[in-house]
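Novice: I'm passing along entry.txt; it holds compact mmCIF, C-alpha atoms.
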```txt
# COMPACT_ATOMS: atom_id res chain seq x y z
CA MET A 1259 -37.49 113.19 -28.88
CA ILE A 1260 -38.57 113.05 -25.23
CA PRO A 1261 -35.69 113.64 -22.82
CA TRP A 1262 -34.82 110.60 -20.72
CA PRO A 1263 -35.84 111.47 -17.15
CA LEU A 1264 -33.42 109.10 -15.44
CA PRO A 1265 -30.73 110.82 -13.32
CA PHE A 1266 -27.07 109.91 -12.79
CA ARG A 1267 -26.08 110.11 -16.43
CA GLY A 1268 -22.68 111.37 -15.24
CA VAL A 1269 -22.00 108.09 -13.43
CA PHE A 1270 -22.51 106.13 -16.65
CA GLU A 1271 -20.41 108.57 -18.66
CA TRP A 1272 -17.65 108.25 -16.08
CA MET A 1273 -17.88 104.45 -16.26
CA ALA A 1274 -17.32 104.62 -20.01
CA THR A 1275 -13.96 106.32 -19.35
CA LEU A 1276 -12.70 103.50 -17.10
CA PRO A 1277 -10.03 101.05 -18.34
CA PHE A 1278 -11.10 98.56 -21.04
CA SER A 1279 -14.61 99.96 -21.48
CA LYS A 1280 -13.79 101.66 -24.78
CA ASP A 1281 -11.55 98.77 -25.88
CA LEU A 1282 -14.37 96.30 -25.35
CA GLU A 1283 -16.80 98.47 -27.27
CA ALA A 1284 -14.32 98.73 -30.14
CA SER A 1285 -13.40 95.03 -30.30
CA ALA A 1286 -15.08 93.16 -33.13
CA TYR A 1287 -15.50 89.82 -31.34
CA GLY A 1288 -15.89 90.93 -27.72
CA PHE A 1289 -19.60 91.70 -27.87
CA PRO A 1290 -20.78 88.57 -29.79
CA LEU A 1291 -18.59 86.27 -27.67
CA LEU A 1292 -19.86 87.77 -24.42
CA LEU A 1293 -23.44 87.49 -25.68
CA THR A 1294 -22.83 83.83 -26.48
CA ALA A 1295 -21.44 83.19 -22.98
CA HIS A 1296 -24.49 85.03 -21.59
CA VAL A 1297 -26.90 82.81 -23.56
CA LEU A 1298 -25.13 79.51 -22.79
CA SER A 1299 -24.97 80.24 -19.07
CA MET A 1300 -28.64 81.27 -19.24
CA CYS A 1301 -29.43 77.78 -20.61
CA LEU A 1302 -27.82 76.23 -17.53
CA PHE A 1303 -29.20 78.67 -14.97
CA LEU A 1304 -32.72 79.28 -16.26
CA GLY A 1305 -33.09 75.72 -17.56
CA LEU A 1306 -32.49 74.29 -14.09
CA ILE A 1307 -34.53 77.06 -12.42
CA PHE A 1308 -37.46 76.12 -14.68
CA MET A 1309 -37.07 72.41 -13.85
CA MET A 1310 -37.18 73.29 -10.14
CA ASP A 1311 -40.15 75.65 -10.57
CA LEU A 1312 -42.11 73.03 -12.51
CA ARG A 1313 -41.55 70.63 -9.58
CA LEU A 1314 -42.80 73.33 -7.17
CA ILE A 1315 -45.93 73.73 -9.27
CA GLY A 1316 -46.32 69.95 -9.20
CA ILE A 1317 -46.16 69.24 -12.92
CA ALA A 1318 -42.65 67.80 -13.33
CA HIS A 1319 -40.35 65.33 -11.54
CA ARG A 1320 -43.16 64.57 -9.10
CA GLN A 1321 -41.37 61.53 -7.66
CA THR A 1322 -38.32 63.60 -6.60
CA PRO A 1323 -38.52 65.38 -3.22
CA VAL A 1324 -38.49 69.18 -3.56
CA SER A 1325 -35.57 69.59 -1.13
CA VAL A 1326 -33.46 67.16 -3.19
CA ILE A 1327 -34.10 69.15 -6.37
CA GLN A 1328 -33.37 72.38 -4.51
CA GLN A 1329 -30.10 71.21 -2.95
CA ARG A 1330 -28.70 69.20 -5.84
CA LEU A 1331 -29.41 71.73 -8.57
CA PHE A 1332 -28.30 74.72 -6.50
CA PRO A 1333 -24.53 74.52 -7.28
CA TRP A 1334 -25.26 74.26 -11.02
CA GLN A 1335 -27.71 77.13 -10.91
CA MET A 1336 -25.04 79.17 -9.09
CA LEU A 1337 -22.43 78.26 -11.71
CA GLY A 1338 -24.83 79.41 -14.43
CA VAL A 1339 -25.82 82.61 -12.67
CA THR A 1340 -22.19 83.52 -11.96
CA VAL A 1341 -21.12 83.26 -15.61
CA MET A 1342 -24.34 85.02 -16.61
CA ASN A 1343 -23.74 87.90 -14.18
CA ILE A 1344 -20.10 88.34 -15.15
CA SER A 1345 -20.77 88.27 -18.91
CA GLY A 1346 -23.81 90.52 -18.40
CA PHE A 1347 -21.85 93.01 -16.36
CA VAL A 1348 -19.01 93.15 -18.89
CA LEU A 1349 -21.55 93.68 -21.72
CA PHE A 1350 -22.97 96.59 -19.72
CA TYR A 1351 -19.48 97.89 -18.88
CA SER A 1352 -18.58 98.09 -22.57
CA GLN A 1353 -21.46 100.52 -23.29
CA PRO A 1354 -22.76 101.97 -20.02
CA VAL A 1355 -24.27 105.12 -21.55
CA TYR A 1356 -26.10 103.07 -24.21
CA TYR A 1357 -27.74 100.89 -21.55
CA TRP A 1358 -28.50 103.92 -19.39
CA GLY A 1359 -30.70 105.22 -22.22
CA LYS A 1360 -32.59 101.93 -22.66
CA LEU A 1361 -35.89 101.75 -20.77
CA PHE A 1362 -35.99 97.96 -21.26
CA PHE A 1363 -32.60 97.58 -19.56
CA TRP A 1364 -34.02 99.20 -16.41
CA VAL A 1365 -37.22 97.15 -16.64
CA LYS A 1366 -35.06 94.02 -16.88
CA MET A 1367 -33.10 95.04 -13.77
CA LEU A 1368 -36.32 95.73 -11.87
CA ILE A 1369 -37.87 92.35 -12.78
CA MET A 1370 -34.59 90.62 -11.88
CA VAL A 1371 -34.77 92.12 -8.38
CA MET A 1372 -38.40 90.94 -8.16
CA ALA A 1373 -37.38 87.40 -9.20
CA GLY A 1374 -34.69 87.41 -6.49
CA ALA A 1375 -37.17 88.71 -3.90
CA ASN A 1376 -39.65 85.98 -4.88
CA ALA A 1377 -37.02 83.28 -4.30
CA LEU A 1378 -35.99 84.85 -0.97
CA ILE A 1379 -39.57 85.19 0.29
CA PHE A 1380 -40.30 81.58 -0.69
CA HIS A 1381 -37.27 80.38 1.27
CA LEU A 1382 -38.19 82.42 4.34
CA THR A 1383 -41.84 81.34 4.36
CA THR A 1384 -43.23 78.27 2.55
CA TYR A 1385 -39.90 76.45 2.24
CA ARG A 1386 -39.45 76.43 6.03
CA THR A 1387 -42.14 73.76 6.29
CA VAL A 1388 -40.73 71.71 3.39
CA ALA A 1389 -40.25 68.64 5.62
CA SER A 1390 -44.03 68.17 5.82
CA TRP A 1391 -44.63 68.29 2.03
CA ASP A 1392 -41.22 67.37 0.60
CA SER A 1393 -42.30 64.18 -1.17
CA ASP A 1394 -45.85 65.30 -1.93
CA PRO A 1395 -46.24 65.28 -5.72
CA ASN A 1396 -48.69 68.14 -5.26
CA PRO A 1397 -46.97 70.92 -3.22
CA PRO A 1398 -48.94 73.51 -1.17
CA LEU A 1399 -50.37 76.64 -2.75
CA GLY A 1400 -47.50 78.84 -1.51
CA ALA A 1401 -44.98 76.67 -3.33
CA LYS A 1402 -47.04 76.60 -6.52
CA LEU A 1403 -47.40 80.36 -6.41
CA ALA A 1404 -43.63 80.83 -5.94
CA GLY A 1405 -43.00 78.46 -8.87
CA VAL A 1406 -45.41 80.24 -11.23
CA LEU A 1407 -44.10 83.67 -10.19
CA SER A 1408 -40.52 82.56 -10.70
CA ILE A 1409 -41.21 81.31 -14.24
CA VAL A 1410 -43.20 84.43 -15.16
CA LEU A 1411 -40.61 86.83 -13.72
CA TRP A 1412 -37.64 85.07 -15.32
CA ILE A 1413 -39.39 85.00 -18.70
CA GLY A 1414 -39.79 88.75 -18.14
CA VAL A 1415 -36.07 89.17 -17.46
CA LEU A 1416 -35.17 87.13 -20.55
CA SER A 1417 -37.66 88.99 -22.74
CA PHE A 1418 -36.70 92.52 -21.74
CA GLY A 1419 -33.04 91.51 -22.00
CA ARG A 1420 -33.55 90.40 -25.59
CA LEU A 1421 -35.72 93.42 -26.43
CA ILE A 1422 -32.95 95.84 -25.44
CA ALA A 1423 -31.47 95.05 -28.86
CA TYR A 1424 -34.49 96.61 -30.61
CA ASP A 1425 -34.68 100.38 -30.79
CA TRP A 1426 -37.99 100.69 -28.93
CA TRP A 1427 -37.93 102.99 -25.91
CA THR A 1428 -34.40 104.06 -26.58
CA PHE A 1429 -33.51 107.55 -25.43
CA GLN A 1430 -31.01 109.88 -27.02
CA THR A 1431 -27.73 109.40 -25.23
CA PHE A 1432 -25.01 110.27 -27.72
CA MET B 147 -29.51 74.17 -55.20
CA LEU B 148 -31.86 75.22 -52.40
CA ALA B 149 -31.73 78.90 -53.35
CA PRO B 150 -35.17 78.98 -55.09
CA PHE B 151 -36.72 77.32 -52.05
CA PHE B 152 -35.23 79.96 -49.74
CA MET B 153 -36.38 82.75 -52.07
CA TRP B 154 -39.87 81.27 -52.09
CA MET B 155 -39.91 81.11 -48.26
CA GLU B 156 -38.89 84.74 -47.98
CA GLY B 157 -41.55 85.66 -50.55
CA LEU B 158 -44.23 84.39 -48.17
CA ALA B 159 -43.34 87.34 -45.88
CA VAL B 160 -44.50 85.52 -42.75
CA TYR B 161 -43.99 88.55 -40.51
CA GLN B 162 -45.80 91.10 -42.69
CA SER B 163 -48.95 91.32 -40.55
CA SER B 164 -47.28 92.93 -37.52
CA ILE B 165 -43.94 94.39 -36.47
CA TYR B 166 -44.34 92.57 -33.14
CA LEU B 167 -44.47 89.12 -34.75
CA GLY B 168 -40.71 88.83 -35.32
CA PRO B 169 -39.64 89.82 -31.80
CA GLY B 170 -42.51 87.77 -30.30
CA VAL B 171 -41.47 84.61 -32.14
CA ASN B 172 -37.88 85.30 -31.13
CA LEU B 173 -38.82 85.48 -27.43
CA ALA B 174 -40.89 82.30 -27.68
CA HIS B 175 -37.88 80.58 -29.29
CA LEU B 176 -35.74 81.56 -26.28
CA VAL B 177 -38.31 80.37 -23.73
CA ALA B 178 -38.56 77.04 -25.57
CA MET B 179 -34.75 76.86 -25.64
CA VAL B 180 -34.47 77.34 -21.88
CA THR B 181 -37.10 74.64 -21.24
CA PHE B 182 -35.42 72.24 -23.65
CA MET B 183 -31.91 72.88 -22.30
CA GLY B 184 -33.11 72.50 -18.70
CA ALA B 185 -34.61 69.08 -19.42
CA LEU B 186 -31.54 68.06 -21.43
CA LEU B 187 -28.89 69.25 -18.96
CA LEU B 188 -30.72 67.75 -15.98
CA VAL B 189 -30.39 64.27 -17.50
CA ASP B 190 -26.92 64.78 -19.01
CA LEU B 191 -25.60 66.00 -15.65
CA ARG B 192 -27.17 62.93 -14.01
CA CYS B 193 -25.34 60.69 -16.52
CA LEU B 194 -22.13 62.39 -15.42
CA GLY B 195 -22.94 61.67 -11.77
CA PHE B 196 -24.13 65.17 -10.81
CA GLY B 197 -27.44 66.65 -9.74
CA LEU B 198 -30.36 64.33 -8.98
CA THR B 199 -28.29 61.21 -8.25
CA GLU B 200 -30.94 59.67 -5.94
CA GLN B 201 -32.83 58.70 -9.06
CA SER B 202 -31.80 56.38 -11.83
CA VAL B 203 -30.97 57.93 -15.19
CA THR B 204 -33.94 56.09 -16.70
CA GLN B 205 -36.39 57.47 -14.14
CA LEU B 206 -35.11 61.01 -14.51
CA ALA B 207 -35.05 60.82 -18.30
CA ARG B 208 -38.67 59.66 -18.22
CA SER B 209 -39.85 62.60 -16.09
CA ALA B 210 -37.80 65.06 -18.17
CA HIS B 211 -38.97 63.61 -21.48
CA ARG B 212 -42.11 65.65 -22.05
CA TRP B 213 -40.29 68.91 -21.31
CA LEU B 214 -37.50 67.90 -23.66
CA ILE B 215 -39.97 67.06 -26.44
CA GLY B 216 -42.19 70.06 -25.67
CA GLY B 217 -39.18 72.38 -25.69
CA LEU B 218 -37.90 70.94 -28.96
CA ALA B 219 -41.34 71.24 -30.57
CA GLY B 220 -41.49 74.88 -29.45
CA LEU B 221 -38.01 75.49 -30.86
CA VAL B 222 -38.93 74.02 -34.25
CA VAL B 223 -42.31 75.77 -34.48
CA THR B 224 -40.73 79.17 -33.70
CA GLY B 225 -37.46 78.53 -35.52
CA ILE B 226 -39.05 77.85 -38.92
CA PRO B 227 -40.85 81.21 -39.30
CA ALA B 228 -37.74 82.98 -37.95
CA VAL B 229 -35.73 81.47 -40.82
CA MET B 230 -38.49 82.06 -43.38
CA ALA B 231 -38.67 85.78 -42.61
CA VAL B 232 -35.04 86.35 -43.64
CA ALA B 233 -34.50 83.20 -45.71
CA THR B 234 -32.15 84.60 -48.37
CA GLN B 235 -29.88 86.13 -45.69
CA GLU B 236 -29.78 82.81 -43.88
CA TYR B 237 -29.01 80.98 -47.13
CA GLU B 238 -25.93 83.15 -47.64
CA ASN B 239 -24.80 82.81 -44.02
CA ASN B 240 -22.18 80.17 -43.17
CA THR B 241 -22.99 80.23 -39.46
CA PHE B 242 -26.62 79.39 -40.28
CA TRP B 243 -25.55 76.28 -42.20
CA TRP B 244 -23.13 75.27 -39.44
CA LYS B 245 -25.98 75.58 -36.97
CA MET B 246 -28.20 73.39 -39.18
CA TYR B 247 -25.54 70.67 -39.60
CA ILE B 248 -24.79 70.60 -35.88
CA LEU B 249 -28.54 70.66 -35.14
CA ALA B 250 -29.13 67.63 -37.39
CA THR B 251 -26.26 65.81 -35.65
CA ALA B 252 -27.56 66.80 -32.21
CA ILE B 253 -31.11 65.57 -32.97
CA LEU B 254 -29.77 62.28 -34.35
CA TRP B 255 -27.51 61.87 -31.33
CA THR B 256 -30.32 62.61 -28.85
CA PHE B 257 -32.82 60.18 -30.36
CA THR B 258 -30.43 57.32 -31.13
CA VAL B 259 -27.27 57.03 -29.02
CA ARG B 260 -28.38 59.18 -26.06
CA ARG B 261 -31.81 57.53 -26.05
CA LYS B 262 -30.17 54.09 -25.70
CA VAL B 263 -27.99 55.37 -22.85
CA VAL B 264 -30.81 56.91 -20.81
CA GLN B 265 -32.85 53.72 -21.20
CA SER B 266 -30.07 51.51 -19.86
CA HIS B 267 -29.91 51.05 -16.10
CA ASP B 268 -26.20 51.64 -15.71
CA PRO B 269 -24.90 54.10 -18.33
CA GLY B 270 -21.36 53.91 -16.90
CA LEU B 271 -18.33 55.46 -18.56
CA GLY B 272 -19.80 55.25 -22.07
CA GLY B 273 -22.86 57.10 -20.76
CA LYS B 274 -20.64 59.89 -19.48
CA ALA B 275 -19.01 60.29 -22.88
CA VAL B 276 -22.45 60.33 -24.55
CA ALA B 277 -23.67 63.01 -22.11
CA ILE B 278 -20.61 65.21 -22.74
CA VAL B 279 -21.13 64.96 -26.51
CA SER B 280 -24.82 65.79 -26.01
CA ILE B 281 -24.01 68.91 -23.94
CA LEU B 282 -21.36 70.08 -26.44
CA LEU B 283 -23.59 69.54 -29.48
CA TRP B 284 -26.59 71.42 -28.07
CA MET B 285 -24.45 74.23 -26.64
CA ALA B 286 -22.92 74.58 -30.12
CA VAL B 287 -26.41 74.82 -31.62
CA ALA B 288 -27.35 77.57 -29.13
CA ALA B 289 -24.08 79.42 -29.74
CA GLY B 290 -24.58 79.11 -33.51
CA GLY B 291 -28.04 80.64 -33.22
CA ARG B 292 -26.70 83.58 -31.27
CA LEU B 293 -23.82 84.16 -33.67
CA ILE B 294 -25.71 83.99 -37.01
CA MET B 295 -26.24 87.74 -37.06
CA TYR B 296 -22.60 88.49 -36.24
CA LEU B 297 -20.47 86.09 -38.29
```
Do you think you could lay out the structure here as structure tokens?

Specialist:
Amino acid sequence: MIPWPLPFRGVFEWMATLPFSKDLEASAYGFPLLLTAHVLSMCLFLGLIFMMDLRLIGIAHRQTPVSVIQQRLFPWQMLGVTVMNISGFVLFYSQPVYYWGKLFFWVKMLIMVMAGANALIFHLTTYRTVASWDSDPNPPLGAKLAGVLSIVLWIGVLSFGRLIAYDWWTFQTF
Amino acid sequence: MLAPFFMWMEGLAVYQSSIYLGPGVNLAHLVAMVTFMGALLLVDLRCLGFGLTEQSVTQLARSAHRWLIGGLAGLVVTGIPAVMAVATQEYENNTFWWKMYILATAILWTFTVRRKVVQSHDPGLGGKAVAIVSILLWMAVAAGGRLIMYL
């Protein structure tokens, strides 16, 4: 078996010794219930992100102004992402060394950062001029690009998240 | 009663051609789920007076419709082979049957009661109740799917 080149193993081993980490790992219902919370909050967050992205691409809800979709869905997306982040963090906290040895976990984290950067860049560039194309059923290229990238990147996050459960690219950690 | 049918389905070994088929279908099922749930929740939240309130429920339901139907079609097309691959395990699994019963109820609800509500111009209090039931039913289906392999 190839040794896992990632550093900081000690940090993850130390995390596993913190309060509740071992208890969570040992509990029979903790993991499935947290996974369920993670999936249900994903439905809310990603579902509404997709609806917004499809509007940015110009293929859904074309009669609704982009800024209305953005502002009105934002609180619900934030509710979803909060529950998703908390449940996701607790899942990680219950088995930090296991996740440390999963290449797909790190790929997921990387793509998640990229998805966040995409949203941020869109808001700092194309979205600044939203007033001039708000009600246009066919948004400018920059908006379409941000929408497509967002969908692709979030499908990547979802996919690598799910694939962590398979034993591909798992490194010896125990 | 359905046991021979489930054994026959498993005998077809739908995933035998590649080890990537199972995970691939699984991922497609999740992408379809997110699309479906987005289109569903957008309209249910609107019925409850949240989200895109500038538009009427009818208008919003119309623009969400193809994503709702597309998502559901994707869920069915990917869900069937996923069941077929491990059909005898599913047959023995209580959570699987719970998911199927709730799914049948949710589909009926969406295309009868909820359909009437989103076509009416003022869904009102009854519309709110219908939207809450819709959210709970579909969330239960999603939770059931996640829990089949654990319970």

Novice: Rounded to one decimal, what separation in Å do you get between atom CA of Pro1323 of chain A and atom CA of Asp1394 of chain A?

Specialist: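 Atom CA of Asp1394 of chain A lies at a distance of 7.4 Å from atom CA of Pro1323 of chain A.
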
Novice: Which chain A residues are at most 7 Å from chain B (counting only C-alpha atoms), as number ranges by chain?

Specialist: A: 1290, 1294, 1298, 1301-1302, 1304-1306, 1308-1309, 1318-1319, 1327, 1330-1331, 1413, 1417

Novice: Export C-alpha atoms of the chosen residues as an mmCIF file, in the coordinates of the input?

Specialist:
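The result, stored in again_14.cif:
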```
data_model
loop_
_atom_site.group_PDB
_atom_site.id
_atom_site.type_symbol
_atom_site.label_atom_id
_atom_site.label_comp_id
_atom_site.auth_asym_id
_atom_site.auth_seq_id
_atom_site.Cartn_x
_atom_site.Cartn_y
_atom_site.Cartn_z
ATOM 1 C CA PRO A 1290 -20.780 88.570 -29.790
ATOM 2 C CA THR A 1294 -22.830 83.830 -26.480
ATOM 3 C CA LEU A 1298 -25.130 79.510 -22.790
ATOM 4 C CA CYS A 1301 -29.430 77.780 -20.610
ATOM 5 C CA LEU A 1302 -27.820 76.230 -17.530
ATOM 6 C CA LEU A 1304 -32.720 79.280 -16.260
ATOM 7 C CA GLY A 1305 -33.090 75.720 -17.560
ATOM 8 C CA LEU A 1306 -32.490 74.290 -14.090
ATOM 9 C CA PHE A 1308 -37.460 76.120 -14.680
ATOM 10 C CA MET A 1309 -37.070 72.410 -13.850
ATOM 11 C CA ALA A 1318 -42.650 67.800 -13.330
ATOM 12 C CA HIS A 1319 -40.350 65.330 -11.540
ATOM 13 C CA ILE A 1327 -34.100 69.150 -6.370
ATOM 14 C CA ARG A 1330 -28.700 69.200 -5.840
ATOM 15 C CA LEU A 1331 -29.410 71.730 -8.570
ATOM 16 C CA ILE A 1413 -39.390 85.000 -18.700
ATOM 17 C CA SER A 1417 -37.660 88.990 -22.740
#
```

Novice: Tell me which protein, DNA and RNA residues are within 10 Å of segment 1276-1283 of chain A, counting only C-alpha atoms, leaving out same-chain ones fewer than 2 positions away, and put them as a PDB file with C-alpha atoms, in the frame of the given file.

Specialist:
```pdb
ATOM      1  CA  GLU A1271     -20.410 108.570 -18.660  1.00  0.00           C
ATOM      2  CA  TRP A1272     -17.650 108.250 -16.080  1.00  0.00           C
ATOM      3  CA  MET A1273     -17.880 104.450 -16.260  1.00  0.00           C
ATOM      4  CA  ALA A1274     -17.320 104.620 -20.010  1.00  0.00           C
ATOM      5  CA  SER A1285     -13.400  95.030 -30.300  1.00  0.00           C
ATOM      6  CA  ALA A1286     -15.080  93.160 -33.130  1.00  0.00           C
ATOM      7  CA  TYR A1287     -15.500  89.820 -31.340  1.00  0.00           C
ATOM      8  CA  GLY A1288     -15.890  90.930 -27.720  1.00  0.00           C
ATOM      9  CA  PHE A1289     -19.600  91.700 -27.870  1.00  0.00           C
ATOM     10  CA  VAL A1348     -19.010  93.150 -18.890  1.00  0.00           C
ATOM     11  CA  LEU A1349     -21.550  93.680 -21.720  1.00  0.00           C
ATOM     12  CA  PHE A1350     -22.970  96.590 -19.720  1.00  0.00           C
ATOM     13  CA  TYR A1351     -19.480  97.890 -18.880  1.00  0.00           C
ATOM     14  CA  SER A1352     -18.580  98.090 -22.570  1.00  0.00           C
ATOM     15  CA  GLN A1353     -21.460 100.520 -23.290  1.00  0.00           C
ATOM     16  CA  PRO A1354     -22.760 101.970 -20.020  1.00  0.00           C
TER      17      PRO A1354
END
```

Novice: In Å, how far is it from atom CA of His267 of chain B to atom CA of Arg192 of chain B?

Specialist: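 Interatomic distance, atom CA of His267 of chain B to atom CA of Arg192 of chain B: 12.4 Å.
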
Novice: Expressed in Å to a single decimal, how great is the separation between atom CA of Ile1307 of chain A and atom CA of Ala1389 of chain A?

Specialist: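 Here the two named atoms are 20.7 Å from each other.
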
Novice: Draw an axis-aligned box tight on the listed atoms of segment 1312-1315 of chain A, then pad every side by 6 Å and write out centre and edge lengths in Å to one decimal as AutoDock Vina command-line options.

Specialist:
```
--center_x -43.7 --center_y 72.2 --center_z -9.8 --size_x 16.4 --size_y 15.1 --size_z 17.3
```

Novice: Pick the closest to Trp243 of chain B from B:Leu158, B:Ala277, B:Cys193, B:Val287: which is it, counting only C-alpha atoms?

Specialist: B:Val287

Novice: Which of these residues is nearest to Ala233 of chain B, using only C-alpha atoms: B:Ala250, B:Leu282, B:Met153, B:Met147?

Specialist: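 The answer is B:Met153, which sits nearest to Ala233 of chain B.
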
Novice: Pick out the residues sitting within 12 Å of Leu148 of chain B, and hand them over as an mmCIF file with C-alpha atoms, keeping the file's coordinate frame; count all atoms listed in the file, and ignore anything fewer than 3 positions along from it in its own chain.

Specialist:
```cif
data_model
loop_
_atom_site.group_PDB
_atom_site.id
_atom_site.type_symbol
_atom_site.label_atom_id
_atom_site.label_comp_id
_atom_site.auth_asym_id
_atom_site.auth_seq_id
_atom_site.Cartn_x
_atom_site.Cartn_y
_atom_site.Cartn_z
ATOM 1 C CA PHE B 151 -36.720 77.320 -52.050
ATOM 2 C CA PHE B 152 -35.230 79.960 -49.740
ATOM 3 C CA MET B 153 -36.380 82.750 -52.070
ATOM 4 C CA TRP B 154 -39.870 81.270 -52.090
ATOM 5 C CA MET B 155 -39.910 81.110 -48.260
ATOM 6 C CA ALA B 233 -34.500 83.200 -45.710
ATOM 7 C CA THR B 234 -32.150 84.600 -48.370
ATOM 8 C CA GLU B 236 -29.780 82.810 -43.880
ATOM 9 C CA TYR B 237 -29.010 80.980 -47.130
ATOM 10 C CA GLU B 238 -25.930 83.150 -47.640
#
```

Novice: Extract, using all atoms listed in the file, all DNA, RNA and protein residues at most 8 Å from Met1370 of chain A, discarding same-chain residues fewer than 2 positions from it, and format them as a list in words.

Specialist: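 Near Met1370 of chain A, the qualifying residues are Lys1366, Met1367, Leu1368, Met1372, Ala1373, Gly1374, Leu1411, Trp1412 and Val1415 of chain A.
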
Novice: List every protein, DNA or RNA residue that has at least one atom no more than 12 Å from (-44.4, 75.8, 2.2) in the file's coordinates, counting only C-alpha atoms, and write the result as an MDAnalysis selection string.

Specialist: chainID A and resid 1314:1315 1324:1325 1379:1392 1394 1396:1405

Novice: List the spatial neighbours of Thr1340 of chain A as a PDB file with C-alpha atoms, in the coordinates of the input - criterion: any atom at most 12 Å away, only C-alpha atoms, same-chain residues fewer than 4 positions off excluded.

Specialist:
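Written file, result-v4.pdb:
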```
ATOM      1  CA  ALA A1295     -21.440  83.190 -22.980  1.00  0.00           C
ATOM      2  CA  HIS A1296     -24.490  85.030 -21.590  1.00  0.00           C
ATOM      3  CA  LEU A1298     -25.130  79.510 -22.790  1.00  0.00           C
ATOM      4  CA  SER A1299     -24.970  80.240 -19.070  1.00  0.00           C
ATOM      5  CA  MET A1300     -28.640  81.270 -19.240  1.00  0.00           C
ATOM      6  CA  LEU A1302     -27.820  76.230 -17.530  1.00  0.00           C
ATOM      7  CA  PHE A1303     -29.200  78.670 -14.970  1.00  0.00           C
ATOM      8  CA  PRO A1333     -24.530  74.520  -7.280  1.00  0.00           C
ATOM      9  CA  TRP A1334     -25.260  74.260 -11.020  1.00  0.00           C
ATOM     10  CA  GLN A1335     -27.710  77.130 -10.910  1.00  0.00           C
ATOM     11  CA  MET A1336     -25.040  79.170  -9.090  1.00  0.00           C
ATOM     12  CA  ILE A1344     -20.100  88.340 -15.150  1.00  0.00           C
ATOM     13  CA  SER A1345     -20.770  88.270 -18.910  1.00  0.00           C
ATOM     14  CA  GLY A1346     -23.810  90.520 -18.400  1.00  0.00           C
ATOM     15  CA  PHE A1347     -21.850  93.010 -16.360  1.00  0.00           C
TER      16      PHE A1347
END
```

Novice: Please work out which residues fall within 8 Å of (-34.0, 94.4, -25.3), coordinates as given in the file, with all atoms listed in the file counting, and return them as a PyMOL selection string.

Specialist: chain A and resi 1362-1363+1417-1424

Novice: With only C-alpha atoms as the counted atoms, please give the residues lying no more than 8 Å from Gly273 of chain B, apart from itself and same-chain residues fewer than 3 positions off, as a PyMOL selection string.

Specialist: chain B and resi 193-194+260+263-264+269-270+276-277

Novice: Name the closest residue to Val160 of chain B among the candidates B:Met230, B:Val203, B:Leu218, B:Val189; distances are taken between atoms, counting all atoms listed in the file.

Specialist: B:Met230
